[in-house]
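Peer 1: To be precise about what I am sending: the file is called work.txt and holds compact mmCIF, C-alpha atoms and all ligand atoms.
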# COMPACT_ATOMS: atom_id res chain seq x y z
CA MET A 1 15.39 -0.10 10.52
CA ARG A 2 13.60 -0.36 7.19
CA ILE A 3 9.94 0.47 6.80
CA VAL A 4 7.54 0.16 3.88
CA ILE A 5 4.63 2.58 3.86
CA ARG A 6 1.75 1.80 1.57
CA ILE A 7 -0.67 4.64 0.95
CA GLY A 8 -3.98 3.48 -0.52
CA GLY A 9 -5.21 5.13 -3.68
CA SER A 10 -8.60 5.19 -1.97
CA VAL A 11 -7.04 7.60 0.56
CA VAL A 12 -4.98 10.08 -1.49
CA ALA A 13 -6.23 9.57 -5.02
CA SER A 14 -10.01 9.04 -4.96
CA PRO A 15 -10.46 12.00 -5.42
CA ILE A 16 -6.93 13.40 -5.44
CA ASN A 17 -6.25 14.98 -2.06
CA THR A 18 -3.47 17.51 -2.50
CA GLU A 19 -3.37 18.54 1.16
CA LEU A 20 -3.08 14.95 2.34
CA LEU A 21 -0.33 14.19 -0.19
CA GLY A 22 1.60 17.20 1.13
CA LYS A 23 1.14 16.07 4.73
CA TYR A 24 2.38 12.59 3.83
CA ALA A 25 5.50 14.10 2.29
CA GLU A 26 6.21 15.93 5.57
CA ILE A 27 5.59 12.82 7.67
CA ILE A 28 7.84 10.70 5.46
CA LYS A 29 10.61 13.30 5.80
CA THR A 30 10.19 13.22 9.58
CA ILE A 31 10.41 9.42 9.63
CA LYS A 32 13.57 9.56 7.52
CA ASN A 33 15.10 12.21 9.79
CA ASP A 34 14.33 9.94 12.75
CA GLY A 35 16.80 7.50 11.20
CA TYR A 36 14.55 5.04 9.38
CA GLU A 37 15.05 3.85 5.82
CA VAL A 38 11.72 4.32 4.08
CA ALA A 39 10.03 3.00 0.95
CA VAL A 40 6.62 4.33 -0.05
CA VAL A 41 4.14 2.57 -2.34
CA LEU A 42 1.26 4.59 -3.79
CA GLY A 43 -1.90 3.24 -5.36
CA GLY A 44 -3.62 4.55 -8.48
CA GLY A 45 -7.07 5.07 -6.94
CA ALA A 46 -10.05 6.31 -8.95
CA LEU A 47 -7.86 7.37 -11.87
CA ALA A 48 -6.54 3.81 -12.23
CA ARG A 49 -10.08 2.45 -12.06
CA GLU A 50 -11.27 4.96 -14.64
CA PHE A 51 -8.52 3.85 -17.02
CA ILE A 52 -9.33 0.18 -16.36
CA GLY A 53 -12.94 1.00 -17.36
CA ILE A 54 -11.83 2.76 -20.52
CA ALA A 55 -9.52 -0.12 -21.46
CA LYS A 56 -12.39 -2.56 -20.86
CA ASN A 57 -14.72 -0.52 -23.06
CA LEU A 58 -12.08 -0.61 -25.76
CA GLU A 59 -12.19 -4.41 -25.35
CA LEU A 60 -8.56 -4.56 -24.26
CA ASP A 61 -7.53 -7.63 -22.29
CA VAL A 62 -6.95 -7.78 -18.54
CA ASN A 63 -3.21 -7.43 -18.99
CA ALA A 64 -3.67 -4.15 -20.84
CA GLN A 65 -6.18 -2.96 -18.23
CA ASP A 66 -3.62 -3.64 -15.51
CA GLU A 67 -0.86 -1.92 -17.47
CA VAL A 68 -2.71 1.37 -17.79
CA ALA A 69 -3.65 1.21 -14.10
CA ILE A 70 0.02 0.71 -13.22
CA SER A 71 0.90 3.85 -15.20
CA CYS A 72 -1.68 5.79 -13.16
CA SER A 73 -0.14 4.70 -9.87
CA ARG A 74 3.31 5.61 -11.19
CA LEU A 75 2.05 9.07 -12.01
CA PHE A 76 1.04 9.57 -8.38
CA ALA A 77 4.40 8.13 -7.34
CA GLN A 78 6.18 10.67 -9.55
CA LEU A 79 4.19 13.55 -8.08
CA PHE A 80 4.94 12.38 -4.55
CA LEU A 81 8.62 11.89 -5.29
CA LYS A 82 8.86 15.45 -6.62
CA LYS A 83 7.31 16.70 -3.39
CA LEU A 84 9.91 14.81 -1.34
CA GLY A 85 12.62 16.77 -3.15
CA ALA A 86 16.19 15.93 -2.12
CA ASP A 87 14.98 13.27 0.35
CA GLY A 88 13.64 11.08 -2.45
CA CYS A 89 15.33 8.84 -5.00
CA SER A 90 16.13 10.33 -8.39
CA ARG A 91 13.21 8.57 -10.07
CA VAL A 92 10.20 6.35 -9.42
CA ALA A 93 11.31 2.77 -8.82
CA THR A 94 9.80 0.44 -11.41
CA SER A 95 11.46 -2.75 -10.20
CA LEU A 96 12.48 -4.24 -6.86
CA ASP A 97 16.11 -3.94 -7.98
CA ASP A 98 15.63 -0.21 -8.55
CA ALA A 99 14.10 0.15 -5.13
CA GLU A 100 16.82 -1.78 -3.35
CA HIS A 101 19.53 0.18 -5.13
CA CYS A 102 18.06 3.57 -4.32
CA LEU A 103 17.47 2.67 -0.68
CA SER A 104 21.10 1.68 -0.31
CA GLN A 105 22.03 5.17 -1.61
CA GLY A 106 20.07 6.73 1.24
CA GLY A 107 17.01 7.99 -0.63
CA VAL A 108 13.34 7.46 0.10
CA VAL A 109 12.03 4.92 -2.42
CA VAL A 110 8.72 5.73 -4.11
CA MET A 111 6.90 3.14 -6.19
CA GLY A 112 3.54 2.66 -7.84
CA GLY A 113 2.59 -0.60 -9.52
CA LEU A 114 5.05 -3.27 -10.54
CA ARG A 115 3.48 -5.78 -12.92
CA PRO A 116 0.04 -6.94 -14.12
CA GLY A 117 -1.97 -9.37 -12.05
CA ILE A 118 -1.38 -7.82 -8.63
CA THR A 119 -2.17 -4.56 -6.79
CA THR A 120 0.12 -2.16 -4.98
CA ASP A 121 -0.64 -4.08 -1.76
CA THR A 122 1.30 -6.97 -3.22
CA VAL A 123 3.99 -4.58 -4.45
CA ALA A 124 4.37 -3.37 -0.85
CA THR A 125 4.67 -6.91 0.53
CA LEU A 126 7.16 -7.96 -2.18
CA LEU A 127 9.19 -4.82 -1.56
CA ALA A 128 9.16 -5.44 2.20
CA GLU A 129 10.45 -8.94 1.54
CA ARG A 130 13.18 -7.77 -0.84
CA ILE A 131 14.58 -5.03 1.41
CA HIS A 132 14.10 -7.06 4.61
CA ALA A 133 11.79 -4.44 6.09
CA GLU A 134 10.89 -4.89 9.72
CA LEU A 135 7.57 -3.16 9.37
CA LEU A 136 4.93 -2.64 6.71
CA LEU A 137 2.38 0.11 7.34
CA LYS A 138 -0.79 0.37 5.32
CA GLY A 139 -2.89 3.53 5.35
CA THR A 140 -6.34 2.69 4.10
CA ASP A 141 -9.91 4.04 4.05
CA GLN A 142 -10.97 2.37 7.30
CA ASN A 143 -9.26 2.40 10.67
CA GLY A 144 -8.20 -1.24 10.65
CA ILE A 145 -9.38 -4.70 9.66
CA TYR A 146 -12.87 -5.77 10.67
CA ASN A 147 -14.27 -9.27 11.13
CA LYS A 148 -16.49 -8.58 8.10
CA ASP A 149 -16.81 -5.73 5.60
CA PRO A 150 -17.92 -2.71 7.71
CA LYS A 151 -19.39 -0.99 4.63
CA LYS A 152 -21.86 -3.85 4.20
CA HIS A 153 -22.31 -4.93 7.84
CA PRO A 154 -23.00 -2.26 10.48
CA ASP A 155 -22.32 -4.79 13.27
CA ALA A 156 -18.76 -5.49 12.03
CA VAL A 157 -16.15 -5.45 14.81
CA LYS A 158 -12.61 -4.05 14.43
CA LEU A 159 -9.86 -6.54 15.15
CA ASP A 160 -6.88 -5.17 17.11
CA ARG A 161 -4.59 -8.07 16.33
CA LEU A 162 -4.46 -10.88 13.79
CA THR A 163 -2.05 -13.65 12.94
CA PHE A 164 -0.92 -14.12 9.33
CA GLU A 165 -2.96 -17.31 9.20
CA GLU A 166 -6.13 -15.55 10.37
CA LEU A 167 -5.88 -13.04 7.51
CA THR A 168 -7.32 -15.46 4.95
CA ASN A 169 -10.50 -15.98 6.95
CA VAL A 170 -11.50 -12.33 7.29
CA PHE A 171 -11.52 -11.52 3.59
CA GLU A 172 -14.10 -12.50 1.02
CA GLN A 173 -12.16 -12.40 -2.23
CA ASN A 174 -9.41 -14.85 -2.99
CA GLU A 175 -8.49 -14.06 -6.57
CA HIS A 176 -7.05 -11.09 -8.40
CA LYS A 177 -9.42 -8.95 -10.49
CA ALA A 178 -8.45 -5.66 -12.19
CA GLY A 179 -9.41 -2.81 -9.88
CA ILE A 180 -10.05 -5.06 -6.87
CA HIS A 181 -10.49 -3.20 -3.56
CA GLN A 182 -9.95 -5.11 -0.37
CA ILE A 183 -8.07 -3.88 2.70
CA ILE A 184 -5.25 -6.30 1.88
CA ASP A 185 -5.55 -7.99 -1.49
CA PRO A 186 -5.47 -11.81 -1.80
CA GLU A 187 -2.03 -12.00 -3.44
CA ALA A 188 -0.56 -9.77 -0.74
CA VAL A 189 -2.02 -12.03 1.92
CA LYS A 190 -0.18 -14.97 0.33
CA VAL A 191 3.11 -13.06 0.28
CA LEU A 192 2.66 -11.94 3.90
CA LYS A 193 2.07 -15.52 5.00
CA ARG A 194 5.38 -16.40 3.39
CA ASN A 195 7.57 -13.50 4.52
CA ARG A 196 5.83 -12.75 7.83
CA VAL A 197 6.69 -9.04 7.83
CA LYS A 198 4.91 -7.36 10.73
CA THR A 199 2.11 -5.29 9.22
CA ILE A 200 -0.06 -2.58 10.72
CA VAL A 201 -3.23 -1.38 8.99
CA VAL A 202 -4.33 2.12 10.02
CA SER A 203 -6.60 4.85 8.72
CA GLY A 204 -4.69 6.61 5.97
CA PHE A 205 -6.65 9.83 6.39
CA LYS A 206 -4.41 10.79 9.33
CA PRO A 207 -0.78 10.60 8.18
CA GLU A 208 0.37 11.01 11.81
CA ASN A 209 -0.98 7.48 12.37
CA MET A 210 2.16 6.26 10.60
CA LEU A 211 4.37 7.89 13.24
CA ALA A 212 2.19 6.58 16.05
CA ALA A 213 2.34 3.02 14.68
CA ILE A 214 6.13 3.18 14.33
CA LYS A 215 6.39 4.35 17.94
CA GLY A 216 4.43 1.28 19.03
CA LYS A 217 1.13 2.96 19.84
CA ASN A 218 -1.75 0.53 19.72
CA ILE A 219 -3.72 1.72 16.71
CA GLY A 220 -5.35 0.03 13.75
CA THR A 221 -4.87 -3.70 13.32
CA ILE A 222 -1.52 -5.34 13.98
CA ILE A 223 -0.75 -8.48 11.97
CA ASN A 224 2.13 -10.59 13.21
P1 LIG A 301 -3.84 -0.11 -6.82
O1 LIG A 301 -3.03 -0.94 -5.93
O2 LIG A 301 -3.20 1.04 -7.50
O3 LIG A 301 -5.15 0.35 -6.07
O4 LIG A 301 -4.45 -1.08 -7.91
P2 LIG A 301 -5.37 1.47 -4.97
O5 LIG A 301 -5.90 2.65 -5.67
O6 LIG A 301 -4.21 1.68 -4.09
O7 LIG A 301 -6.50 0.81 -4.19
P3 LIG A 301 -6.85 0.73 -2.68
O8 LIG A 301 -6.83 2.07 -2.14
O9 LIG A 301 -5.88 -0.20 -2.04
O10 LIG A 301 -8.15 0.10 -2.87
C1 LIG A 301 -5.36 -0.66 -8.91
C2 LIG A 301 -5.29 -1.65 -10.03
O11 LIG A 301 -4.08 -1.47 -10.80
C3 LIG A 301 -3.61 -2.70 -11.30
C4 LIG A 301 -4.63 -3.74 -10.86
O12 LIG A 301 -5.65 -3.87 -11.83
C5 LIG A 301 -5.20 -3.10 -9.61
O13 LIG A 301 -6.45 -3.64 -9.26
N1 LIG A 301 -2.24 -2.99 -10.79
C6 LIG A 301 -1.70 -2.24 -9.79
C7 LIG A 301 -1.49 -4.00 -11.36
O14 LIG A 301 -1.93 -4.72 -12.22
N2 LIG A 301 -0.21 -4.22 -10.88
C8 LIG A 301 0.36 -3.49 -9.92
O15 LIG A 301 1.53 -3.75 -9.55
C9 LIG A 301 -0.42 -2.47 -9.33
I need this file expressed as structure tokens, please.
Ligand code: UTP
Peer 2:
Amino acid sequence: MRIVIRIGGSVVASPINTELLGKYAEIIKTIKNDGYEVAVVLGGGALAREFIGIAKNLELDVNAQDEVAISCSRLFAQLFLKKLGADGCSRVATSLDDAEHCLSQGGVVVMGGLRPGITTDTVATLLAERIHAELLLKGTDQNGIYNKDPKKHPDAVKLDRLTFEELTNVFEQNEHKAGIHQIIDPEAVKVLKRNRVKTIVVSGFKPENMLAAIKGKNIGTIIN
């Protein structure tokens, strides 16, 4: 069974959480040893947003802003891949072809960004589609999807289950912007509606949530 694990930059990279990155490496190794084929997608977090800001101040266009942010996420991907050691692919995948190839060789795929105009959420959904993953797990900075933004609305209610169609209604933003932060970005929602890969959104601050979700424990928000 193939699984894509998306680790939010807001979780491991804003600020950089060395301990958590190390724990994720251990969990990913465990999942691989349990017989799963795994691909990991890491976001660029605060560093990516800082570089987007710098690019903006230099009056660079949105494409250039996205490009430097992609490099930041790839830097985290490289770090994580090094930590995986022999379990990981030989280098960070920078295309879906790369990822597919490495997975077929038995390595854990690690990716950051892919191309301008999207976020690593979309990368994760495109990757899941390409490798025919059965499950996409997203570790984020809240413990699931709420009916409205819990940071703005204290009365927001966590949703245990959602259909792909319902996803559009719970989010406010519908267009890509450099540095956008939404539990699942608008482009990714579109891809998910198309490929219908079962997705579970959990708190990324506890890496063991990934194992629990794989084992079918009812945590976070399940989208199917
Ligand atoms: P990330 O996807 O790296 O954000 O996108 P993140 O840090 O994980 O964020 P959370 O935790 O989900 O919020 C950061 C920015 O990098 C550019 C976009 O501008 C995006 O908003 N990016 C990233 C791309 O243009 N293309 C990619 O494939 C990935």
Peer 1: So, with all atoms listed in the file as the atoms that count, which of A:Gly144, A:Gly53, A:Gly22, A:Gly113 lies closest to ligand LIG 301 (chain A)?
Peer 2: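 Using all atoms listed in the file, the shortest distance to ligand LIG 301 (chain A) belongs to A:Gly113.
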Peer 1: Tell me which of A:Leu47, A:Ile54, A:Leu211, A:Cys89 sits closest to ligand LIG 301 (chain A), counting all atoms listed in the file.
Peer 2: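 Nearest to ligand LIG 301 (chain A): A:Leu47.
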Peer 1: Per residue of chain A within 7 Å of ligand LIG 301 (chain A), record the nearest atom pair and its distance in Å to one decimal, counting all atoms listed in the file, with rows in chain order and ascending residue number, as JSON lines.
Peer 2:
{"residue": "A:Ile7", "atom": "CA", "partner": "A:LIG301", "partner_atom": "O6", "distance": 6.8}
{"residue": "A:Gly8", "atom": "CA", "partner": "A:LIG301", "partner_atom": "O8", "distance": 3.6}
{"residue": "A:Gly9", "atom": "CA", "partner": "A:LIG301", "partner_atom": "O5", "distance": 3.3}
{"residue": "A:Ser10", "atom": "CA", "partner": "A:LIG301", "partner_atom": "O8", "distance": 3.6}
{"residue": "A:Val11", "atom": "CA", "partner": "A:LIG301", "partner_atom": "O8", "distance": 6.2}
{"residue": "A:Ala13", "atom": "CA", "partner": "A:LIG301", "partner_atom": "O5", "distance": 7.0}
{"residue": "A:Leu42", "atom": "CA", "partner": "A:LIG301", "partner_atom": "O6", "distance": 6.2}
{"residue": "A:Gly43", "atom": "CA", "partner": "A:LIG301", "partner_atom": "O6", "distance": 3.1}
{"residue": "A:Gly44", "atom": "CA", "partner": "A:LIG301", "partner_atom": "O2", "distance": 3.7}
{"residue": "A:Gly45", "atom": "CA", "partner": "A:LIG301", "partner_atom": "O5", "distance": 3.0}
{"residue": "A:Ala46", "atom": "CA", "partner": "A:LIG301", "partner_atom": "O5", "distance": 6.4}
{"residue": "A:Ala48", "atom": "CA", "partner": "A:LIG301", "partner_atom": "C1", "distance": 5.7}
{"residue": "A:Arg49", "atom": "CA", "partner": "A:LIG301", "partner_atom": "C1", "distance": 6.5}
{"residue": "A:Gln65", "atom": "CA", "partner": "A:LIG301", "partner_atom": "O12", "distance": 6.5}
{"residue": "A:Asp66", "atom": "CA", "partner": "A:LIG301", "partner_atom": "O14", "distance": 3.9}
{"residue": "A:Glu67", "atom": "CA", "partner": "A:LIG301", "partner_atom": "O14", "distance": 6.0}
{"residue": "A:Ala69", "atom": "CA", "partner": "A:LIG301", "partner_atom": "O11", "distance": 4.3}
{"residue": "A:Ile70", "atom": "CA", "partner": "A:LIG301", "partner_atom": "C6", "distance": 4.8}
{"residue": "A:Ser73", "atom": "CA", "partner": "A:LIG301", "partner_atom": "O2", "distance": 5.3}
{"residue": "A:Gly112", "atom": "CA", "partner": "A:LIG301", "partner_atom": "C9", "distance": 6.6}
{"residue": "A:Gly113", "atom": "CA", "partner": "A:LIG301", "partner_atom": "O15", "distance": 3.3}
{"residue": "A:Leu114", "atom": "CA", "partner": "A:LIG301", "partner_atom": "O15", "distance": 3.7}
{"residue": "A:Arg115", "atom": "CA", "partner": "A:LIG301", "partner_atom": "O15", "distance": 4.4}
{"residue": "A:Pro116", "atom": "CA", "partner": "A:LIG301", "partner_atom": "O14", "distance": 3.5}
{"residue": "A:Gly117", "atom": "CA", "partner": "A:LIG301", "partner_atom": "O14", "distance": 4.7}
{"residue": "A:Ile118", "atom": "CA", "partner": "A:LIG301", "partner_atom": "N2", "distance": 4.4}
{"residue": "A:Thr119", "atom": "CA", "partner": "A:LIG301", "partner_atom": "C9", "distance": 3.7}
{"residue": "A:Thr120", "atom": "CA", "partner": "A:LIG301", "partner_atom": "O1", "distance": 3.5}
{"residue": "A:Asp121", "atom": "CA", "partner": "A:LIG301", "partner_atom": "O1", "distance": 5.7}
{"residue": "A:Val123", "atom": "CA", "partner": "A:LIG301", "partner_atom": "O15", "distance": 5.7}
{"residue": "A:Thr140", "atom": "CA", "partner": "A:LIG301", "partner_atom": "O8", "distance": 6.3}
{"residue": "A:Lys177", "atom": "CA", "partner": "A:LIG301", "partner_atom": "O13", "distance": 6.2}
{"residue": "A:Ala178", "atom": "CA", "partner": "A:LIG301", "partner_atom": "O12", "distance": 3.3}
{"residue": "A:Gly179", "atom": "CA", "partner": "A:LIG301", "partner_atom": "O13", "distance": 3.1}
{"residue": "A:Ile180", "atom": "CA", "partner": "A:LIG301", "partner_atom": "O13", "distance": 4.5}
{"residue": "A:His181", "atom": "CA", "partner": "A:LIG301", "partner_atom": "O10", "distance": 4.1}
{"residue": "A:Gln182", "atom": "CA", "partner": "A:LIG301", "partner_atom": "O10", "distance": 6.1}
{"residue": "A:Ile183", "atom": "CA", "partner": "A:LIG301", "partner_atom": "O9", "distance": 6.4}
Peer 1: So the first atom is CA of Ala188 in chain A and the second is CA of Asn33 in chain A; what is the distance between them in Å, to one decimal place?
Peer 2: 29.0 Å
Peer 1: State, in Å with one decimal place, the distance from CA of Asn143 in chain A to CA of Glu129 in chain A.
Peer 2: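 For CA of Asn143 in chain A relative to CA of Glu129 in chain A, the distance reads 24.5 Å.
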Peer 1: Need to verify the contact set: Val41 in chain A, 6 Å, only C-alpha atoms, exclusion of same-chain residues closer than 2 positions in sequence. Can you return it as a list in words?
Peer 2: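 Once the nearby chain positions are removed, what remains is Arg6, Val110, Met111 and Gly112 of chain A.
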Peer 1: How many Å lie between CA of Gly88 in chain A and CA of Val108 in chain A, rounded to one decimal?
Peer 2: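 Interatomic distance here is 4.4 Å.
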Peer 1: Pick from A:Ile5, A:Leu162, A:Val92, A:Ala39: nearest to Phe76 in chain A, with only C-alpha atoms counted?
Peer 2: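 Looking only at the distances to Phe76 in chain A, the closest residue turns out to be A:Val92.
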Peer 1: Hey, which of A:Glu165, A:Asp87, A:Asp97, A:Asp155 ends up closest to Leu126 in chain A? Count only C-alpha atoms.
Peer 2: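 Nearest candidate to Leu126 in chain A out of A:Glu165, A:Asp87, A:Asp97, A:Asp155: A:Asp97.
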Peer 1: Taking all atoms listed in the file into account, name the residue in A:Ala213, A:Ile223, A:Ile131, A:Asp141 that is nearest to Asp160 in chain A.
Peer 2: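 Comparing A:Ala213, A:Ile223, A:Ile131, A:Asp141 against Asp160 in chain A, the winner is A:Ile223.
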Peer 1: Please provide the set of residues having any atom within 12 Å of Arg130 in chain A, restricted to only C-alpha atoms, with same-chain residues fewer than 2 positions apart removed, written as a PyMOL selection string.
Peer 2: chain A and resi 2-4+39+95-101+103+123-128+132-134+191+195+197
Peer 1: Just checking: using only C-alpha atoms, which residue out of A:Val62, A:Leu79, A:Glu166, A:Pro150 ends up closest to Val12 in chain A?
Peer 2: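 Closest to Val12 in chain A, using only C-alpha atoms: A:Leu79.
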Peer 1: Can you put N, CA, C and O atoms back into range 68-90 of chain A and show it as a PDB file, keeping the file's coordinate frame?
Peer 2:
ATOM      1  N   VAL A  68      -2.374  -0.058 -17.857  1.00  0.00           N
ATOM      2  CA  VAL A  68      -2.710   1.370 -17.790  1.00  0.00           C
ATOM      3  C   VAL A  68      -2.929   1.801 -16.339  1.00  0.00           C
ATOM      4  O   VAL A  68      -2.584   2.924 -15.949  1.00  0.00           O
ATOM      5  N   ALA A  69      -3.455   0.884 -15.519  1.00  0.00           N
ATOM      6  CA  ALA A  69      -3.650   1.210 -14.100  1.00  0.00           C
ATOM      7  C   ALA A  69      -2.294   1.402 -13.411  1.00  0.00           C
ATOM      8  O   ALA A  69      -2.133   2.284 -12.562  1.00  0.00           O
ATOM      9  N   ILE A  70      -1.331   0.586 -13.790  1.00  0.00           N
ATOM     10  CA  ILE A  70       0.020   0.710 -13.220  1.00  0.00           C
ATOM     11  C   ILE A  70       0.597   2.092 -13.560  1.00  0.00           C
ATOM     12  O   ILE A  70       1.176   2.775 -12.710  1.00  0.00           O
ATOM     13  N   SER A  71       0.396   2.525 -14.803  1.00  0.00           N
ATOM     14  CA  SER A  71       0.900   3.850 -15.200  1.00  0.00           C
ATOM     15  C   SER A  71       0.276   4.944 -14.344  1.00  0.00           C
ATOM     16  O   SER A  71       0.949   5.910 -13.976  1.00  0.00           O
ATOM     17  N   CYS A  72      -1.014   4.790 -14.016  1.00  0.00           N
ATOM     18  CA  CYS A  72      -1.680   5.790 -13.160  1.00  0.00           C
ATOM     19  C   CYS A  72      -1.013   5.846 -11.787  1.00  0.00           C
ATOM     20  O   CYS A  72      -0.730   6.928 -11.263  1.00  0.00           O
ATOM     21  N   SER A  73      -0.758   4.696 -11.205  1.00  0.00           N
ATOM     22  CA  SER A  73      -0.140   4.700  -9.870  1.00  0.00           C
ATOM     23  C   SER A  73       1.271   5.289  -9.938  1.00  0.00           C
ATOM     24  O   SER A  73       1.702   5.983  -9.010  1.00  0.00           O
ATOM     25  N   ARG A  74       1.951   5.046 -11.044  1.00  0.00           N
ATOM     26  CA  ARG A  74       3.310   5.610 -11.190  1.00  0.00           C
ATOM     27  C   ARG A  74       3.281   7.122 -11.347  1.00  0.00           C
ATOM     28  O   ARG A  74       4.228   7.815 -10.958  1.00  0.00           O
ATOM     29  N   LEU A  75       2.204   7.621 -11.888  1.00  0.00           N
ATOM     30  CA  LEU A  75       2.050   9.070 -12.010  1.00  0.00           C
ATOM     31  C   LEU A  75       1.929   9.709 -10.622  1.00  0.00           C
ATOM     32  O   LEU A  75       2.577  10.717 -10.324  1.00  0.00           O
ATOM     33  N   PHE A  76       1.138   9.076  -9.759  1.00  0.00           N
ATOM     34  CA  PHE A  76       1.040   9.570  -8.380  1.00  0.00           C
ATOM     35  C   PHE A  76       2.399   9.448  -7.676  1.00  0.00           C
ATOM     36  O   PHE A  76       2.796  10.326  -6.911  1.00  0.00           O
ATOM     37  N   ALA A  77       3.084   8.347  -7.956  1.00  0.00           N
ATOM     38  CA  ALA A  77       4.400   8.130  -7.340  1.00  0.00           C
ATOM     39  C   ALA A  77       5.357   9.251  -7.760  1.00  0.00           C
ATOM     40  O   ALA A  77       6.098   9.792  -6.934  1.00  0.00           O
ATOM     41  N   GLN A  78       5.295   9.619  -9.036  1.00  0.00           N
ATOM     42  CA  GLN A  78       6.180  10.670  -9.550  1.00  0.00           C
ATOM     43  C   GLN A  78       5.899  12.005  -8.866  1.00  0.00           C
ATOM     44  O   GLN A  78       6.803  12.717  -8.431  1.00  0.00           O
ATOM     45  N   LEU A  79       4.607  12.301  -8.733  1.00  0.00           N
ATOM     46  CA  LEU A  79       4.190  13.550  -8.080  1.00  0.00           C
ATOM     47  C   LEU A  79       4.712  13.594  -6.646  1.00  0.00           C
ATOM     48  O   LEU A  79       5.261  14.600  -6.185  1.00  0.00           O
ATOM     49  N   PHE A  80       4.541  12.465  -5.952  1.00  0.00           N
ATOM     50  CA  PHE A  80       4.940  12.380  -4.550  1.00  0.00           C
ATOM     51  C   PHE A  80       6.468  12.492  -4.414  1.00  0.00           C
ATOM     52  O   PHE A  80       6.973  13.182  -3.521  1.00  0.00           O
ATOM     53  N   LEU A  81       7.161  11.848  -5.313  1.00  0.00           N
ATOM     54  CA  LEU A  81       8.620  11.890  -5.290  1.00  0.00           C
ATOM     55  C   LEU A  81       9.127  13.326  -5.481  1.00  0.00           C
ATOM     56  O   LEU A  81      10.042  13.778  -4.795  1.00  0.00           O
ATOM     57  N   LYS A  82       8.481  14.051  -6.381  1.00  0.00           N
ATOM     58  CA  LYS A  82       8.860  15.450  -6.620  1.00  0.00           C
ATOM     59  C   LYS A  82       8.688  16.243  -5.327  1.00  0.00           C
ATOM     60  O   LYS A  82       9.506  17.080  -4.971  1.00  0.00           O
ATOM     61  N   LYS A  83       7.601  15.970  -4.628  1.00  0.00           N
ATOM     62  CA  LYS A  83       7.310  16.700  -3.390  1.00  0.00           C
ATOM     63  C   LYS A  83       8.334  16.374  -2.296  1.00  0.00           C
ATOM     64  O   LYS A  83       8.613  17.201  -1.434  1.00  0.00           O
ATOM     65  N   LEU A  84       8.898  15.176  -2.343  1.00  0.00           N
ATOM     66  CA  LEU A  84       9.910  14.810  -1.340  1.00  0.00           C
ATOM     67  C   LEU A  84      11.233  15.538  -1.590  1.00  0.00           C
ATOM     68  O   LEU A  84      12.072  15.643  -0.691  1.00  0.00           O
ATOM     69  N   GLY A  85      11.406  16.012  -2.816  1.00  0.00           N
ATOM     70  CA  GLY A  85      12.620  16.770  -3.150  1.00  0.00           C
ATOM     71  C   GLY A  85      13.873  15.951  -2.933  1.00  0.00           C
ATOM     72  O   GLY A  85      13.927  14.770  -3.290  1.00  0.00           O
ATOM     73  N   ALA A  86      14.872  16.561  -2.270  1.00  0.00           N
ATOM     74  CA  ALA A  86      16.190  15.930  -2.120  1.00  0.00           C
ATOM     75  C   ALA A  86      16.135  14.663  -1.260  1.00  0.00           C
ATOM     76  O   ALA A  86      17.063  13.847  -1.284  1.00  0.00           O
ATOM     77  N   ASP A  87      15.064  14.475  -0.487  1.00  0.00           N
ATOM     78  CA  ASP A  87      14.980  13.270   0.350  1.00  0.00           C
ATOM     79  C   ASP A  87      14.631  12.022  -0.456  1.00  0.00           C
ATOM     80  O   ASP A  87      14.820  10.900   0.001  1.00  0.00           O
ATOM     81  N   GLY A  88      14.090  12.226  -1.653  1.00  0.00           N
ATOM     82  CA  GLY A  88      13.640  11.080  -2.450  1.00  0.00           C
ATOM     83  C   GLY A  88      14.706  10.575  -3.406  1.00  0.00           C
ATOM     84  O   GLY A  88      15.735  11.218  -3.633  1.00  0.00           O
ATOM     85  N   CYS A  89      14.444   9.408  -3.969  1.00  0.00           N
ATOM     86  CA  CYS A  89      15.330   8.840  -5.000  1.00  0.00           C
ATOM     87  C   CYS A  89      15.219   9.701  -6.258  1.00  0.00           C
ATOM     88  O   CYS A  89      14.306  10.508  -6.387  1.00  0.00           O
ATOM     89  N   SER A  90      16.127   9.465  -7.209  1.00  0.00           N
ATOM     90  CA  SER A  90      16.130  10.330  -8.390  1.00  0.00           C
ATOM     91  C   SER A  90      14.929  10.063  -9.298  1.00  0.00           C
ATOM     92  O   SER A  90      14.483  10.932 -10.027  1.00  0.00           O
TER      93      SER A  90
END
